[in-house]
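Enquirer: My structure is stored as protein.cif, with mmCIF, C-alpha atoms.
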data_coords
#
loop_
_atom_site.group_PDB
_atom_site.id
_atom_site.type_symbol
_atom_site.label_atom_id
_atom_site.label_comp_id
_atom_site.auth_asym_id
_atom_site.auth_seq_id
_atom_site.Cartn_x
_atom_site.Cartn_y
_atom_site.Cartn_z
ATOM 1 C CA MET F 1 41.894 112.300 -137.347
ATOM 2 C CA GLU F 2 43.343 108.922 -138.294
ATOM 3 C CA PRO F 3 45.833 107.327 -135.848
ATOM 4 C CA ALA F 4 49.424 107.595 -137.018
ATOM 5 C CA THR F 5 51.509 104.564 -137.927
ATOM 6 C CA PRO F 6 53.178 103.169 -134.779
ATOM 7 C CA VAL F 7 56.891 102.795 -134.314
ATOM 8 C CA ASN F 8 57.445 99.082 -134.951
ATOM 9 C CA PRO F 9 60.152 97.403 -132.816
ATOM 10 C CA LYS F 10 62.879 95.950 -135.057
ATOM 11 C CA GLN F 11 66.066 95.910 -133.004
ATOM 12 C CA LYS F 12 67.202 92.670 -131.411
ATOM 13 C CA LEU F 13 67.744 92.889 -127.673
ATOM 14 C CA GLN F 14 71.285 92.438 -126.394
ATOM 15 C CA GLN F 15 71.953 89.265 -124.416
ATOM 16 C CA ALA F 16 71.659 89.430 -120.634
ATOM 17 C CA ASP F 17 74.972 89.854 -118.795
ATOM 18 C CA GLY F 18 73.912 88.192 -115.553
ATOM 19 C CA CYS F 19 72.130 91.245 -114.137
ATOM 20 C CA GLN F 20 68.418 91.136 -113.316
ATOM 21 C CA ALA F 21 66.406 94.207 -112.316
ATOM 22 C CA ALA F 22 64.631 93.846 -108.987
ATOM 23 C CA GLU F 23 61.461 95.658 -110.009
ATOM 24 C CA SER F 24 59.093 95.307 -112.934
ATOM 25 C CA TRP F 25 58.702 97.993 -115.574
ATOM 26 C CA GLU F 26 55.321 98.851 -114.127
ATOM 27 C CA LEU F 27 56.944 99.809 -110.813
ATOM 28 C CA SER F 28 60.112 101.368 -112.179
ATOM 29 C CA LYS F 29 58.348 103.675 -114.607
ATOM 30 C CA GLU F 30 56.937 105.556 -111.614
ATOM 31 C CA ASN F 31 60.309 107.286 -111.477
ATOM 32 C CA TYR F 32 59.686 109.124 -114.702
ATOM 33 C CA VAL F 33 56.071 108.757 -115.870
ATOM 34 C CA PRO F 34 53.163 110.406 -114.039
ATOM 35 C CA VAL F 35 51.275 107.482 -112.520
ATOM 36 C CA ARG F 36 47.533 107.440 -112.031
ATOM 37 C CA THR F 37 47.242 107.098 -108.248
ATOM 38 C CA GLY F 38 43.480 106.914 -108.135
ATOM 39 C CA ARG F 39 40.411 108.143 -109.881
ATOM 40 C CA LYS F 40 38.346 111.003 -108.562
ATOM 41 C CA LYS F 41 34.984 110.199 -106.990
ATOM 42 C CA ALA F 42 33.189 111.758 -109.942
ATOM 43 C CA VAL F 43 35.099 109.544 -112.371
ATOM 44 C CA LEU F 44 34.420 106.444 -110.293
ATOM 45 C CA ALA F 45 30.747 107.321 -110.266
ATOM 46 C CA GLU F 46 30.752 107.591 -114.052
ATOM 47 C CA LEU F 47 32.410 104.185 -114.371
ATOM 48 C CA THR F 48 30.308 102.353 -111.781
ATOM 49 C CA ASP F 49 28.104 100.936 -114.496
ATOM 50 C CA PRO F 50 29.803 101.455 -117.892
ATOM 51 C CA SER F 51 27.069 99.367 -119.548
ATOM 52 C CA ASP F 52 24.478 101.987 -118.630
ATOM 53 C CA SER F 53 23.358 103.668 -121.856
ATOM 54 C CA HIS F 54 23.317 107.169 -120.365
ATOM 55 C CA THR F 55 26.824 106.764 -118.992
ATOM 56 C CA LYS F 56 28.140 105.445 -122.292
ATOM 57 C CA GLN F 57 26.504 108.287 -124.180
ATOM 58 C CA ALA F 58 27.930 110.911 -121.818
ATOM 59 C CA LEU F 59 31.431 109.458 -122.090
ATOM 60 C CA GLU F 60 31.238 109.324 -125.872
ATOM 61 C CA LEU F 61 30.065 112.934 -126.057
ATOM 62 C CA LYS F 62 32.942 114.026 -123.853
ATOM 63 C CA ARG F 63 35.424 112.059 -125.929
ATOM 64 C CA ARG F 64 34.153 113.713 -129.115
ATOM 65 C CA GLU F 65 34.336 117.126 -127.482
ATOM 66 C CA LEU F 66 37.978 116.581 -126.535
ATOM 67 C CA TRP F 67 38.820 115.302 -130.031
ATOM 68 C CA ARG F 68 37.153 118.359 -131.542
ATOM 69 C CA ALA F 69 39.285 120.563 -129.299
ATOM 70 C CA VAL F 70 42.401 118.858 -130.657
ATOM 71 C CA GLN F 71 41.329 119.132 -134.278
ATOM 72 C CA GLU F 72 40.110 122.740 -134.103
ATOM 73 C CA TYR F 73 42.824 124.172 -131.853
ATOM 74 C CA GLN F 74 44.134 127.538 -133.053
ATOM 75 C CA GLY F 75 46.376 128.569 -130.150
ATOM 76 C CA ASP F 76 50.162 128.589 -129.772
ATOM 77 C CA ASP F 77 50.439 125.356 -127.731
ATOM 78 C CA PRO F 78 48.815 122.503 -129.690
ATOM 79 C CA LEU F 79 50.211 120.028 -127.176
ATOM 80 C CA ASP F 80 47.797 121.308 -124.526
ATOM 81 C CA PRO F 81 44.536 119.827 -125.946
ATOM 82 C CA TRP F 82 46.359 116.544 -126.540
ATOM 83 C CA LEU F 83 47.395 116.426 -122.893
ATOM 84 C CA LYS F 84 43.785 116.955 -121.865
ATOM 85 C CA ILE F 85 42.364 114.121 -123.962
ATOM 86 C CA ILE F 86 45.173 111.779 -122.925
ATOM 87 C CA LYS F 87 44.569 112.568 -119.257
ATOM 88 C CA TRP F 88 40.835 112.006 -119.703
ATOM 89 C CA THR F 89 41.466 108.702 -121.485
ATOM 90 C CA LEU F 90 43.763 107.525 -118.676
ATOM 91 C CA GLU F 91 41.038 108.295 -116.150
ATOM 92 C CA HIS F 92 38.087 106.874 -118.074
ATOM 93 C CA SER F 93 39.419 104.019 -120.169
ATOM 94 C CA THR F 94 38.140 100.633 -119.038
ATOM 95 C CA GLY F 95 39.736 98.369 -121.622
ATOM 96 C CA GLY F 96 43.489 97.847 -121.628
ATOM 97 C CA LYS F 97 46.030 100.033 -123.386
ATOM 98 C CA THR F 98 44.757 99.840 -126.958
ATOM 99 C CA GLU F 99 42.921 103.165 -126.968
ATOM 100 C CA LEU F 100 45.705 104.930 -125.096
ATOM 101 C CA GLN F 101 48.377 103.548 -127.422
ATOM 102 C CA SER F 102 46.484 104.721 -130.510
ATOM 103 C CA LEU F 103 46.031 108.163 -128.971
ATOM 104 C CA LEU F 104 49.702 108.472 -128.066
ATOM 105 C CA GLU F 105 50.755 107.328 -131.542
ATOM 106 C CA SER F 106 48.621 110.048 -133.099
ATOM 107 C CA CYS F 107 49.794 112.745 -130.715
ATOM 108 C CA THR F 108 53.522 112.049 -130.848
ATOM 109 C CA SER F 109 53.502 111.700 -134.642
ATOM 110 C CA GLU F 110 51.366 114.777 -135.235
ATOM 111 C CA LEU F 111 53.556 117.001 -133.068
ATOM 112 C CA LEU F 112 56.806 115.921 -134.714
ATOM 113 C CA LYS F 113 56.120 118.782 -137.118
ATOM 114 C CA VAL F 114 56.507 121.287 -134.235
ATOM 115 C CA PRO F 115 60.299 121.604 -133.738
ATOM 116 C CA ARG F 116 60.156 123.348 -130.358
ATOM 117 C CA TYR F 117 58.530 120.331 -128.732
ATOM 118 C CA LYS F 118 61.785 118.411 -129.091
ATOM 119 C CA SER F 119 62.904 120.427 -126.071
ATOM 120 C CA ASP F 120 59.619 120.156 -124.156
ATOM 121 C CA GLN F 121 59.605 117.634 -121.323
ATOM 122 C CA ARG F 122 55.824 117.229 -121.606
ATOM 123 C CA TYR F 123 56.289 115.866 -125.111
ATOM 124 C CA LEU F 124 59.066 113.532 -123.966
ATOM 125 C CA ARG F 125 56.791 112.148 -121.235
ATOM 126 C CA LEU F 126 54.179 111.256 -123.850
ATOM 127 C CA TRP F 127 56.785 109.349 -125.851
ATOM 128 C CA ILE F 128 57.754 107.403 -122.731
ATOM 129 C CA GLN F 129 54.109 106.683 -121.987
ATOM 130 C CA TYR F 130 53.826 105.392 -125.551
ATOM 131 C CA ALA F 131 56.920 103.218 -125.013
ATOM 132 C CA ASP F 132 55.228 101.755 -121.949
ATOM 133 C CA CYS F 133 52.377 100.539 -124.153
ATOM 134 C CA LEU F 134 54.753 98.397 -126.220
ATOM 135 C CA PRO F 135 56.188 94.971 -125.381
ATOM 136 C CA ASP F 136 59.589 96.094 -126.694
ATOM 137 C CA PRO F 137 60.107 99.881 -126.521
ATOM 138 C CA ASN F 138 63.768 99.847 -127.597
ATOM 139 C CA ASP F 139 63.012 101.357 -131.018
ATOM 140 C CA VAL F 140 61.183 104.248 -129.377
ATOM 141 C CA PHE F 141 64.279 105.233 -127.412
ATOM 142 C CA LEU F 142 66.463 104.863 -130.516
ATOM 143 C CA PHE F 143 64.039 107.041 -132.470
ATOM 144 C CA LEU F 144 64.071 109.733 -129.777
ATOM 145 C CA ARG F 145 67.866 109.784 -129.891
ATOM 146 C CA GLU F 146 67.957 109.995 -133.687
ATOM 147 C CA GLN F 147 65.426 112.832 -133.685
ATOM 148 C CA GLN F 148 67.125 114.626 -130.762
ATOM 149 C CA ILE F 149 63.916 114.609 -128.738
ATOM 150 C CA GLY F 150 64.281 115.294 -125.029
ATOM 151 C CA LEU F 151 67.989 114.493 -124.840
ATOM 152 C CA GLU F 152 68.624 117.439 -122.538
ATOM 153 C CA PHE F 153 66.391 115.893 -119.848
ATOM 154 C CA ALA F 154 67.429 113.318 -117.236
ATOM 155 C CA LEU F 155 64.030 111.741 -117.830
ATOM 156 C CA TYR F 156 65.166 110.205 -121.129
ATOM 157 C CA TYR F 157 68.270 108.549 -119.670
ATOM 158 C CA GLU F 158 66.475 107.296 -116.548
ATOM 159 C CA ALA F 159 63.789 105.642 -118.656
ATOM 160 C CA TYR F 160 66.176 104.133 -121.205
ATOM 161 C CA ALA F 161 68.604 102.893 -118.541
ATOM 162 C CA THR F 162 65.731 101.280 -116.634
ATOM 163 C CA PHE F 163 64.664 99.475 -119.805
ATOM 164 C CA HIS F 164 68.171 98.029 -120.238
ATOM 165 C CA GLU F 165 68.440 97.072 -116.572
ATOM 166 C CA LEU F 166 65.141 95.233 -116.653
ATOM 167 C CA ARG F 167 66.311 93.313 -119.710
ATOM 168 C CA GLY F 168 69.503 92.294 -117.914
ATOM 169 C CA ASN F 169 71.865 94.471 -119.959
ATOM 170 C CA CYS F 170 73.553 96.347 -117.154
ATOM 171 C CA SER F 171 76.545 97.481 -119.207
ATOM 172 C CA ALA F 172 74.156 99.257 -121.585
ATOM 173 C CA ALA F 173 72.218 100.748 -118.647
ATOM 174 C CA ASP F 174 75.433 102.133 -117.162
ATOM 175 C CA ALA F 175 76.449 103.574 -120.543
ATOM 176 C CA VAL F 176 73.101 105.356 -120.863
ATOM 177 C CA TYR F 177 73.441 106.946 -117.419
ATOM 178 C CA GLN F 178 77.014 108.015 -118.202
ATOM 179 C CA ASP F 179 75.930 109.522 -121.521
ATOM 180 C CA GLY F 180 73.248 111.587 -119.810
ATOM 181 C CA ILE F 181 75.701 112.890 -117.238
ATOM 182 C CA LYS F 182 78.224 113.722 -119.964
ATOM 183 C CA ARG F 183 75.501 115.728 -121.719
ATOM 184 C CA ASN F 184 74.625 117.533 -118.447
ATOM 185 C CA ALA F 185 71.032 116.366 -118.727
ATOM 186 C CA ARG F 186 68.838 118.124 -116.242
ATOM 187 C CA PRO F 187 68.237 117.831 -113.424
ATOM 188 C CA LEU F 188 71.822 116.573 -113.376
ATOM 189 C CA GLU F 189 71.977 115.885 -109.647
ATOM 190 C CA ARG F 190 68.945 113.601 -109.823
ATOM 191 C CA LEU F 191 70.504 111.686 -112.707
ATOM 192 C CA LYS F 192 73.718 111.236 -110.718
ATOM 193 C CA GLN F 193 71.671 109.905 -107.794
ATOM 194 C CA LYS F 194 69.942 107.418 -110.101
ATOM 195 C CA LEU F 195 73.318 106.230 -111.388
ATOM 196 C CA SER F 196 74.630 105.846 -107.849
ATOM 197 C CA ALA F 197 71.561 103.813 -106.836
ATOM 198 C CA PHE F 198 71.975 101.646 -109.938
ATOM 199 C CA GLN F 199 75.657 101.008 -109.190
ATOM 200 C CA ASN F 200 74.803 100.105 -105.597
ATOM 201 C CA ARG F 201 72.282 97.545 -106.844
ATOM 202 C CA MET F 202 74.879 96.058 -109.153
ATOM 203 C CA ALA F 203 77.451 95.836 -106.348
ATOM 204 C CA GLN F 204 74.932 94.101 -104.092
ATOM 205 C CA ARG F 205 74.116 91.568 -106.791
ATOM 206 C CA ILE F 206 77.783 90.817 -107.395
ATOM 207 C CA GLN F 207 78.306 90.342 -103.672
ATOM 208 C CA ARG F 208 75.294 88.033 -103.458
ATOM 209 C CA ARG F 209 76.614 85.984 -106.353
ATOM 210 C CA ILE F 210 80.023 85.636 -104.712
ATOM 211 C CA GLN F 211 78.375 84.483 -101.483
ATOM 212 C CA GLU F 212 76.183 81.981 -103.354
ATOM 213 C CA GLU F 213 79.177 80.571 -105.192
ATOM 214 C CA ALA F 214 81.063 80.162 -101.921
ATOM 215 C CA LEU F 215 78.135 78.260 -100.398
ATOM 216 C CA VAL F 216 77.587 75.855 -103.296
ATOM 217 C CA GLY F 217 81.253 75.474 -104.207
ATOM 218 C CA GLY F 218 80.810 76.644 -107.781
ATOM 219 C CA PRO F 219 79.319 79.354 -109.987
ATOM 220 C CA ALA F 220 75.742 80.244 -109.120
ATOM 221 C CA PRO F 221 73.202 79.650 -111.915
ATOM 222 C CA GLU F 222 72.425 82.626 -114.117
ATOM 223 C CA GLU F 223 69.104 84.340 -113.446
ATOM 224 C CA PRO F 224 66.807 84.162 -116.474
ATOM 225 C CA ALA F 225 66.291 87.375 -118.416
ATOM 226 C CA ARG F 226 62.848 88.941 -118.023
ATOM 227 C CA ALA F 227 60.718 87.965 -121.030
ATOM 228 C CA SER F 228 58.882 91.255 -121.360
ATOM 229 C CA LEU F 229 58.427 94.620 -119.703
ATOM 230 C CA VAL F 230 54.728 94.395 -119.002
#
How would this structure read if it were set down as structure tokens?
Expert:
Amino acid sequence: MEPATPVNPKQKLQQADGCQAAESWELSKENYVPVRTGRKKAVLAELTDPSDSHTKQALELKRRELWRAVQEYQGDDPLDPWLKIIKWTLEHSTGGKTELQSLLESCTSELLKVPRYKSDQRYLRLWIQYADCLPDPNDVFLFLREQQIGLEFALYYEAYATFHELRGNCSAADAVYQDGIKRNARPLERLKQKLSAFQNRMAQRIQRRIQEEALVGGPAPEEPARASLV
């Protein structure tokens, strides 16, 4: 199966409005993307010497087996074999995000033809994982909105708002949270808590800026916008 064409970022980022997120994308995404917390002993053993010919052969055979399961699947949940190969790739990949990105591109594009997955949070998580592979994921979030993918889940708004906050566009981040609450995205209470935490961070930053200005006798210098998410 050939990898699908990636979503190419085209939108220009909005200018920073003086707000800088305190955490990097890598830390913040833990709120909404399953994070690999550690490899199992068996996986570590397999990867101890990836140059070993037997190890490389075993890994390649397993990879082919998982791909075959995707290609030959005849059940009623074609997302399931994709989840398995993506999980395996996360655990066994030793070289950056290139392989994972290609896999996620293929999966998300292939399953666009299955309408019910637009309301499946598992599918939305894969799109967000794909966004995390890109230096500028804004177009991914715009595409999800246009295609009505995952808009009933708080997950979408938390991820998109975090992206805006990390780029210094706090007004856009607030608007995204408010939109999710207006749509009753679920779990709604969690989304409201995220908005409250965001607003508290903004209030603290404003207070810090006021204090800094009082100390130096003039406006505090603007914090530079973060150049990239990763």
Enquirer: Give me the region 74-108 of chain F side of the contact with region 126-133 of chain F, cut-off 10 Å, one line per residue showing its nearest atom pair and distance in Å at one decimal, counting all atoms listed in the file, sorted by chain and residue number, as JSON lines.
Expert:
{"residue": "F:Trp82", "atom": "CA", "partner": "F:Leu126", "partner_atom": "CA", "distance": 9.8}
{"residue": "F:Leu83", "atom": "CA", "partner": "F:Leu126", "partner_atom": "CA", "distance": 8.6}
{"residue": "F:Ile86", "atom": "CA", "partner": "F:Leu126", "partner_atom": "CA", "distance": 9.1}
{"residue": "F:Gly96", "atom": "CA", "partner": "F:Cys133", "partner_atom": "CA", "distance": 9.6}
{"residue": "F:Lys97", "atom": "CA", "partner": "F:Cys133", "partner_atom": "CA", "distance": 6.4}
{"residue": "F:Thr98", "atom": "CA", "partner": "F:Cys133", "partner_atom": "CA", "distance": 8.1}
{"residue": "F:Leu100", "atom": "CA", "partner": "F:Cys133", "partner_atom": "CA", "distance": 8.0}
{"residue": "F:Gln101", "atom": "CA", "partner": "F:Cys133", "partner_atom": "CA", "distance": 6.0}
{"residue": "F:Ser102", "atom": "CA", "partner": "F:Tyr130", "partner_atom": "CA", "distance": 8.9}
{"residue": "F:Leu103", "atom": "CA", "partner": "F:Tyr130", "partner_atom": "CA", "distance": 9.0}
{"residue": "F:Leu104", "atom": "CA", "partner": "F:Tyr130", "partner_atom": "CA", "distance": 5.7}
{"residue": "F:Glu105", "atom": "CA", "partner": "F:Tyr130", "partner_atom": "CA", "distance": 7.0}
{"residue": "F:Cys107", "atom": "CA", "partner": "F:Leu126", "partner_atom": "CA", "distance": 8.3}
{"residue": "F:Thr108", "atom": "CA", "partner": "F:Trp127", "partner_atom": "CA", "distance": 6.6}
Enquirer: In Å to one decimal, how far is CA of Glu213 (chain F) from CA of Gln199 (chain F)?
Expert: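 CA of Glu213 (chain F) lies 21.1 Å from CA of Gln199 (chain F).
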Enquirer: Could you check how far CA of Ala185 (chain F) sits from CA of Ala173 (chain F), in Å to one decimal?
Expert: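 Those two atoms sit 15.7 Å apart.
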Enquirer: To one decimal place, how far is CA of Ala175 (chain F) from CA of Ala161 (chain F) in Å?
Expert: 8.1 Å
Enquirer: On this file, the PyMOL selection byres ((chain F and resi 176) around 9) gives some set of residues; write that set as number ranges by chain.
Expert: F: 157-158, 160-161, 164, 171-175, 177-181
Enquirer: Run the PyMOL selection byres ((chain F and resi 61-70) around 9) against the file shown and list the residues it catches, as a PyMOL selection string.
Expert: chain F and resi 1+56-60+71-73+78-82+84-85+88-89
Enquirer: Selection in question (the file shown): the PyMOL selection byres ((chain F and resi 109-120) around 7). Which residues does it include, as a PyMOL selection string?
Expert: chain F and resi 4+105-108+121-124+148-150
Enquirer: Hey, could you pull the box centre and edge lengths for region 155-165 of chain F, axis-aligned, 4 Å padding per side, all listed atoms, to one decimal in Å, as AutoDock Vina command-line options?
Expert:
--center_x 66.2 --center_y 104.4 --center_z -118.9 --size_x 12.8 --size_y 22.7 --size_z 12.7
Enquirer: Can you work out which one of F:Leu155, F:Arg205, F:Leu195, F:Arg167 has the shortest atom-to-atom distance to Pro135 (chain F), counting all atoms listed in the file?
Expert: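 Closest to Pro135 (chain F), using all atoms listed in the file: F:Arg167.
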Enquirer: Given the choices F:Asp76, F:His92, F:Glu165, F:Ala154, which gets closest to Lys192 (chain F) if the distance is worked out from all atoms listed in the file?
Expert: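 Selected residue with least distance to Lys192 (chain F): F:Ala154.
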